[in-house]
Amino acid sequence: MNSHFVIAIDGPSGTGKSTTARLLAKNLGITYLDTGAMYRAIALVALDANISPENTDALKNVLQKTEISFDGENHILINGVSRETDIRSSRVSGSVSLYSAIPEVREALTEKQREFGSKASCVLDGRDIGTVVFPNAQFKFFLVTDLKVRAKRRMEELLLRGENVSLEEVMESLAERDEQDSNRKVAPLRKAEDAVEIDTTHLTIEQQVEKIRAAVSVGATLESPSHNQKK
Ligand code: DC
């Protein structure tokens with residue numbers, strides 16, 4: 001396998017992409033980038049400043065002035081301040097699709113993601129990693145999960161954070177976000193033709209990680225010179 005490789009994991013909200021990607025990266029000893037967290041960060045800064053998604057000039061200013069980084073736990077820092085809990089709030093979840101549909105926002109964050117991925121082997125998860133950010137990624141996966149199962153998982157996360165929401169509300173919000181992410185003009189959520197689809201409805205996170213790890217190992221073996229010599 002190339003010494004430098006990219007693993008792209010895309011799919012709708014709540015399919016377990018981020019947890020899977022984080023564990024997979026740890027397991028393989030490579031870096032991980034949560035691209036959804038980057039879109040959430042921009043949405044949070046814009047919401048805090050009362051900037052609407054239509055106000056492109058003000059958004060460009062936000063993009064220029066917002067420094068996004070991650071700590072050792074992969075938790076987001078915005079201009080050096082930890083905002084991990086804030087970016088996961090319902091307030092941000094409810095608006096992030098509107099901000100992430102703006103071409104200027106996508107362009108700026110895509111550039112940062114490509115820069116990150118060009119430095120070292122890594123796992124990136126998002127909506128357009130295999131189609132737009134790294135169309136030549138060596139490994140591409142697309143996760144899908146039944147809506148009700150996704151909503152249950154998300155609801156448990158929100159309850160742990162003290163946000164009391166009903167299953168119906170979460171299902172509605174996820175369905176709305178899927179719709180917005182899939183139908184936007186720029187880089188919509190869709191499976192790359194060469195991505196491997198994995199239905200995670202009945203899988204635990206450990207099983208999801210193992211499935212992807214195994215597929216990556218097989219791919220790596222197929223590309224290795226020793227294997228080719230044996231042919
Ligand atoms: O993965 P997530 O739920 O944290 O993503 C938050 C939002 O960001 C999601 O509604 C769509 C957007 N997003 C995107 O448009 N492109 C990506 N590569 C990652 C996320």
# chains A, B, ... in the order shown; residues from 1 in each chain; ligands from 1
>>> closest_atom_pairs(of="chain A", to="ligand 1", cutoff="7 Å", atoms="only C-alpha atoms and all ligand atoms", output="Markdown table")
| residue | atom | partner | partner_atom_place_in_ligand_line | distance |
| --- | --- | --- | --- | --- |
| A:Ser13 | CA | ligand 1 | 3 (O) | 4.7 |
| A:Gly14 | CA | ligand 1 | 3 (O) | 6.8 |
| A:Ser18 | CA | ligand 1 | 1 (O) | 7.0 |
| A:Thr35 | CA | ligand 1 | 19 (C) | 4.8 |
| A:Gly36 | CA | ligand 1 | 20 (C) | 3.5 |
| A:Ala37 | CA | ligand 1 | 4 (O) | 5.2 |
| A:Tyr39 | CA | ligand 1 | 8 (O) | 4.9 |
| A:Arg40 | CA | ligand 1 | 6 (C) | 5.7 |
| A:Ser93 | CA | ligand 1 | 6 (C) | 6.7 |
| A:Val96 | CA | ligand 1 | 7 (C) | 5.3 |
| A:Ser97 | CA | ligand 1 | 10 (O) | 4.3 |
| A:Ser100 | CA | ligand 1 | 15 (O) | 4.9 |
| A:Ala101 | CA | ligand 1 | 15 (O) | 6.6 |
| A:Asp125 | CA | ligand 1 | 18 (N) | 6.7 |
| A:Gly126 | CA | ligand 1 | 18 (N) | 3.6 |
| A:Arg127 | CA | ligand 1 | 18 (N) | 4.2 |
| A:Asp128 | CA | ligand 1 | 18 (N) | 4.9 |
| A:Ile129 | CA | ligand 1 | 18 (N) | 5.8 |
| A:Arg177 | CA | ligand 1 | 10 (O) | 5.6 |
| A:Asp181 | CA | ligand 1 | 11 (C) | 5.8 |
>>> select_by_dssp(residues="range 39-222 of chain A", states="helix (DSSP H, G or I)", output="PyMOL selection string")
chain A and resi 39-48+56-65+84-87+90-100+103-119+129-133+147-160+167-183+205-222
>>> select_by_dssp(residues="range 44-166 of chain A", states="strand (DSSP E)", output="PyMOL selection string")
chain A and resi 68-70+76-78+81-82+122-126+139-144
>>> write_last_selection(atoms="all heavy atoms", output="short mmCIF file (atom, residue, chain, number, x, y, z; two decimals), in the first residue's frame")
data_model
loop_
_atom_site.label_atom_id
_atom_site.label_comp_id
_atom_site.auth_asym_id
_atom_site.auth_seq_id
_atom_site.Cartn_x
_atom_site.Cartn_y
_atom_site.Cartn_z
N ILE A 68 -9.54 26.95 13.60
CA ILE A 68 -10.07 25.67 14.09
C ILE A 68 -8.91 24.71 14.32
O ILE A 68 -8.06 24.51 13.44
CB ILE A 68 -11.04 25.06 13.05
CG1 ILE A 68 -12.24 25.99 12.85
CG2 ILE A 68 -11.50 23.67 13.47
CD1 ILE A 68 -13.18 25.55 11.75
N SER A 69 -8.88 24.10 15.51
CA SER A 69 -7.87 23.07 15.77
C SER A 69 -8.51 22.02 16.68
O SER A 69 -9.66 22.17 17.10
CB SER A 69 -6.62 23.68 16.41
OG SER A 69 -6.99 24.39 17.58
N PHE A 70 -7.77 20.96 16.95
CA PHE A 70 -8.30 19.87 17.77
C PHE A 70 -7.29 19.52 18.85
O PHE A 70 -6.08 19.55 18.60
CB PHE A 70 -8.58 18.63 16.90
CG PHE A 70 -9.71 18.83 15.93
CD1 PHE A 70 -9.48 19.39 14.67
CD2 PHE A 70 -11.01 18.48 16.26
CE1 PHE A 70 -10.52 19.59 13.77
CE2 PHE A 70 -12.06 18.68 15.37
CZ PHE A 70 -11.81 19.23 14.11
N ILE A 76 -12.85 19.85 19.60
CA ILE A 76 -12.54 21.06 18.82
C ILE A 76 -12.17 22.26 19.70
O ILE A 76 -12.71 22.44 20.81
CB ILE A 76 -13.74 21.41 17.91
CG1 ILE A 76 -13.27 22.27 16.73
CG2 ILE A 76 -14.86 22.11 18.68
CD1 ILE A 76 -14.13 22.15 15.52
N LEU A 77 -11.22 23.04 19.17
CA LEU A 77 -10.86 24.32 19.80
C LEU A 77 -11.15 25.39 18.75
O LEU A 77 -10.76 25.25 17.58
CB LEU A 77 -9.37 24.37 20.14
CG LEU A 77 -8.80 23.25 21.01
CD1 LEU A 77 -7.29 23.42 21.16
CD2 LEU A 77 -9.44 23.29 22.40
N ILE A 78 -11.89 26.41 19.16
CA ILE A 78 -12.15 27.53 18.26
C ILE A 78 -11.36 28.72 18.78
O ILE A 78 -11.58 29.15 19.92
CB ILE A 78 -13.66 27.85 18.17
CG1 ILE A 78 -14.43 26.60 17.69
CG2 ILE A 78 -13.90 29.04 17.26
CD1 ILE A 78 -15.93 26.78 17.59
N VAL A 81 -10.01 28.00 22.13
CA VAL A 81 -10.91 27.72 23.26
C VAL A 81 -11.74 26.47 22.98
O VAL A 81 -12.31 26.32 21.89
CB VAL A 81 -11.88 28.92 23.50
CG1 VAL A 81 -12.85 28.63 24.64
CG2 VAL A 81 -11.10 30.19 23.76
N SER A 82 -11.83 25.57 23.96
CA SER A 82 -12.58 24.33 23.77
C SER A 82 -14.08 24.62 23.64
O SER A 82 -14.68 25.25 24.50
CB SER A 82 -12.34 23.40 24.95
OG SER A 82 -13.16 22.27 24.79
N CYS A 122 -4.46 9.36 7.05
CA CYS A 122 -5.50 9.76 7.99
C CYS A 122 -6.87 9.21 7.61
O CYS A 122 -7.07 8.72 6.50
CB CYS A 122 -5.59 11.29 8.06
SG CYS A 122 -5.84 12.03 6.47
N VAL A 123 -7.79 9.32 8.57
CA VAL A 123 -9.19 8.99 8.35
C VAL A 123 -9.96 10.30 8.43
O VAL A 123 -9.76 11.08 9.36
CB VAL A 123 -9.74 8.06 9.47
CG1 VAL A 123 -11.17 7.66 9.17
CG2 VAL A 123 -8.87 6.83 9.66
N LEU A 124 -10.82 10.57 7.45
CA LEU A 124 -11.67 11.76 7.51
C LEU A 124 -13.11 11.28 7.40
O LEU A 124 -13.41 10.38 6.61
CB LEU A 124 -11.42 12.71 6.34
CG LEU A 124 -10.07 13.45 6.32
CD1 LEU A 124 -9.06 12.65 5.52
CD2 LEU A 124 -10.23 14.82 5.68
N ASP A 125 -13.99 11.86 8.20
CA ASP A 125 -15.40 11.51 8.04
C ASP A 125 -16.21 12.76 7.74
O ASP A 125 -15.85 13.86 8.15
CB ASP A 125 -15.94 10.76 9.27
CG ASP A 125 -16.34 11.69 10.38
OD1 ASP A 125 -15.46 12.36 10.93
OD2 ASP A 125 -17.55 11.76 10.71
N GLY A 126 -17.28 12.57 6.94
CA GLY A 126 -18.09 13.73 6.57
C GLY A 126 -19.21 13.35 5.61
O GLY A 126 -19.84 12.29 5.76
N PHE A 139 -9.25 4.43 0.21
CA PHE A 139 -10.34 3.63 0.81
C PHE A 139 -11.54 4.54 1.04
O PHE A 139 -11.41 5.60 1.63
CB PHE A 139 -9.89 3.04 2.15
CG PHE A 139 -8.68 2.16 2.02
CD1 PHE A 139 -7.42 2.64 2.34
CD2 PHE A 139 -8.79 0.86 1.55
CE1 PHE A 139 -6.29 1.84 2.20
CE2 PHE A 139 -7.68 0.06 1.40
CZ PHE A 139 -6.42 0.54 1.73
N LYS A 140 -12.70 4.09 0.55
CA LYS A 140 -13.91 4.90 0.73
C LYS A 140 -15.04 4.03 1.27
O LYS A 140 -15.30 2.94 0.75
CB LYS A 140 -14.38 5.46 -0.62
CG LYS A 140 -13.40 6.39 -1.29
CD LYS A 140 -14.02 6.94 -2.56
CE LYS A 140 -13.01 7.75 -3.33
NZ LYS A 140 -13.59 8.26 -4.59
N PHE A 141 -15.70 4.54 2.28
CA PHE A 141 -16.83 3.83 2.87
C PHE A 141 -18.02 4.77 2.98
O PHE A 141 -17.84 5.99 3.20
CB PHE A 141 -16.46 3.29 4.26
CG PHE A 141 -15.30 2.34 4.19
CD1 PHE A 141 -14.00 2.78 4.35
CD2 PHE A 141 -15.51 0.99 3.92
CE1 PHE A 141 -12.91 1.92 4.25
CE2 PHE A 141 -14.43 0.11 3.81
CZ PHE A 141 -13.14 0.58 3.98
N PHE A 142 -19.21 4.21 2.84
CA PHE A 142 -20.43 5.01 2.97
C PHE A 142 -21.34 4.28 3.96
O PHE A 142 -21.76 3.14 3.70
CB PHE A 142 -21.12 5.16 1.61
CG PHE A 142 -22.19 6.22 1.61
CD1 PHE A 142 -21.88 7.57 1.45
CD2 PHE A 142 -23.53 5.86 1.78
CE1 PHE A 142 -22.86 8.54 1.46
CE2 PHE A 142 -24.52 6.83 1.79
CZ PHE A 142 -24.18 8.18 1.63
N LEU A 143 -21.59 4.90 5.11
CA LEU A 143 -22.39 4.25 6.14
C LEU A 143 -23.85 4.64 6.02
O LEU A 143 -24.17 5.82 5.83
CB LEU A 143 -21.88 4.62 7.54
CG LEU A 143 -20.39 4.40 7.84
CD1 LEU A 143 -20.11 4.57 9.33
CD2 LEU A 143 -19.91 3.04 7.40
N VAL A 144 -24.73 3.67 6.15
CA VAL A 144 -26.17 3.94 6.16
C VAL A 144 -26.78 3.22 7.37
O VAL A 144 -26.29 2.18 7.80
CB VAL A 144 -26.90 3.47 4.87
CG1 VAL A 144 -26.46 4.28 3.67
CG2 VAL A 144 -26.66 1.97 4.61
#
>>> atom_distance(atom1="CA of Val149 in chain A", atom2="CA of Leu33 in chain A")
24.6 Å
>>> residues_around(residues="Lys185 in chain A", least_positions_apart="5", cutoff="12 Å", atoms="only C-alpha atoms", output="list of chain:residue names")
A:Leu98, A:Ser100, A:Ala101, A:Ile102, A:Pro103, A:Arg106, A:Gln180, A:Arg190
>>> atom_distance(atom1="CA of Arg83 in chain A", atom2="CA of Thr200 in chain A")
28.7 Å
>>> closest_residue(among="A:Ala108, A:Phe116, A:Ile30, A:Ser89", to="Asn164 in chain A", atoms="only C-alpha atoms")
A:Ser89
>>> residues_around(residues="range 172-175 of chain A", least_positions_apart="6", cutoff="12 Å", atoms="only C-alpha atoms", output="CSV table (one decimal) with N, CA, C and O atoms, in the first residue's frame")
chain,number,residue,atom,x,y,z
A,12,PRO,N,-25.0,9.8,6.2
A,12,PRO,CA,-25.9,10.8,6.9
A,12,PRO,C,-25.5,10.9,8.4
A,12,PRO,O,-24.7,10.1,8.9
A,13,SER,N,-26.2,11.8,9.0
A,13,SER,CA,-26.0,12.1,10.5
A,13,SER,C,-26.4,10.8,11.3
A,13,SER,O,-27.4,10.2,10.9
A,14,GLY,N,-25.7,10.6,12.3
A,14,GLY,CA,-26.1,9.5,13.2
A,14,GLY,C,-25.8,8.1,12.8
A,14,GLY,O,-26.3,7.1,13.4
A,15,THR,N,-25.0,7.9,11.8
A,15,THR,CA,-24.7,6.6,11.4
A,15,THR,C,-23.4,6.0,12.1
A,15,THR,O,-23.0,4.9,11.9
A,90,SER,N,-28.3,21.2,20.2
A,90,SER,CA,-29.4,21.2,19.2
A,90,SER,C,-29.4,22.5,18.4
A,90,SER,O,-29.8,22.5,17.2
A,91,ARG,N,-29.0,23.6,19.1
A,91,ARG,CA,-29.1,24.9,18.4
A,91,ARG,C,-28.2,24.8,17.1
A,91,ARG,O,-28.6,25.2,16.0
A,92,VAL,N,-27.0,24.3,17.3
A,92,VAL,CA,-26.1,24.2,16.2
A,92,VAL,C,-26.5,23.1,15.2
A,92,VAL,O,-26.6,23.3,14.0
A,93,SER,N,-26.9,21.9,15.7
A,93,SER,CA,-27.4,20.8,14.8
A,93,SER,C,-28.6,21.3,13.9
A,93,SER,O,-28.7,20.9,12.8
A,94,GLY,N,-29.4,22.2,14.5
A,94,GLY,CA,-30.6,22.6,13.7
A,94,GLY,C,-30.2,23.6,12.6
A,94,GLY,O,-31.0,23.8,11.7
A,95,SER,N,-29.1,24.2,12.7
A,95,SER,CA,-28.7,25.2,11.6
A,95,SER,C,-27.5,24.9,10.8
A,95,SER,O,-27.3,25.5,9.8
A,96,VAL,N,-26.8,23.9,11.2
A,96,VAL,CA,-25.5,23.7,10.5
A,96,VAL,C,-25.6,23.4,9.1
A,96,VAL,O,-24.8,23.8,8.2
A,97,SER,N,-26.7,22.7,8.7
A,97,SER,CA,-26.9,22.3,7.2
A,97,SER,C,-27.0,23.6,6.4
A,97,SER,O,-26.6,23.6,5.2
A,145,THR,N,-27.8,3.8,7.9
A,145,THR,CA,-28.5,3.2,9.1
A,145,THR,C,-30.0,3.6,9.1
A,145,THR,O,-30.3,4.8,8.7
A,146,ASP,N,-30.8,2.7,9.6
A,146,ASP,CA,-32.2,3.0,9.7
A,146,ASP,C,-32.5,4.3,10.5
A,146,ASP,O,-31.8,4.5,11.5
A,147,LEU,N,-33.4,5.2,10.0
A,147,LEU,CA,-33.6,6.5,10.7
A,147,LEU,C,-33.9,6.4,12.1
A,147,LEU,O,-33.4,7.1,13.0
A,148,LYS,N,-34.8,5.4,12.5
A,148,LYS,CA,-35.2,5.3,13.9
A,148,LYS,C,-34.0,4.9,14.8
A,148,LYS,O,-33.9,5.5,15.9
A,149,VAL,N,-33.2,4.1,14.3
A,149,VAL,CA,-32.0,3.7,15.1
A,149,VAL,C,-31.0,4.8,15.2
A,149,VAL,O,-30.5,5.1,16.3
A,150,ARG,N,-30.9,5.6,14.2
A,150,ARG,CA,-30.0,6.8,14.3
A,150,ARG,C,-30.6,7.8,15.3
A,150,ARG,O,-29.8,8.4,16.1
A,151,ALA,N,-31.9,8.0,15.2
A,151,ALA,CA,-32.5,8.9,16.1
A,151,ALA,C,-32.4,8.5,17.6
A,151,ALA,O,-32.1,9.3,18.5
A,152,LYS,N,-32.5,7.2,17.8
A,152,LYS,CA,-32.3,6.7,19.2
A,152,LYS,C,-30.9,7.0,19.7
A,152,LYS,O,-30.8,7.4,20.9
A,153,ARG,N,-29.9,6.7,18.9
A,153,ARG,CA,-28.6,7.0,19.3
A,153,ARG,C,-28.3,8.5,19.6
A,153,ARG,O,-27.7,8.8,20.6
A,154,ARG,N,-28.9,9.3,18.7
A,154,ARG,CA,-28.7,10.8,18.9
A,154,ARG,C,-29.4,11.2,20.1
A,154,ARG,O,-28.9,12.1,20.9
A,155,MET,N,-30.6,10.7,20.4
A,155,MET,CA,-31.4,11.1,21.5
A,155,MET,C,-30.6,10.7,22.8
A,155,MET,O,-30.6,11.6,23.8
A,165,VAL,N,-35.2,15.7,24.7
A,165,VAL,CA,-35.9,15.8,23.4
A,165,VAL,C,-36.6,14.5,23.2
A,165,VAL,O,-36.2,13.4,23.7
A,166,SER,N,-37.7,14.5,22.4
A,166,SER,CA,-38.4,13.3,22.1
A,166,SER,C,-37.8,12.6,20.9
A,166,SER,O,-37.2,13.2,20.1
A,181,ASP,N,-28.8,18.2,3.4
A,181,ASP,CA,-27.4,17.8,3.0
A,181,ASP,C,-27.4,17.1,1.6
A,181,ASP,O,-26.5,17.2,0.8
A,182,SER,N,-28.5,16.4,1.3
A,182,SER,CA,-28.5,15.6,0.0
A,182,SER,C,-28.9,16.5,-1.1
A,182,SER,O,-28.6,16.1,-2.3
>>> atom_distance(atom1="CA of His202 in chain A", atom2="CA of Glu156 in chain A")
16.9 Å
>>> residues_around(residues="Leu24 in chain A", least_positions_apart="6", cutoff="12 Å", atoms="only C-alpha atoms", output="VMD selection string")
chain A and resid 7 to 9 16 to 18 30 to 33 122 to 125 205 to 217
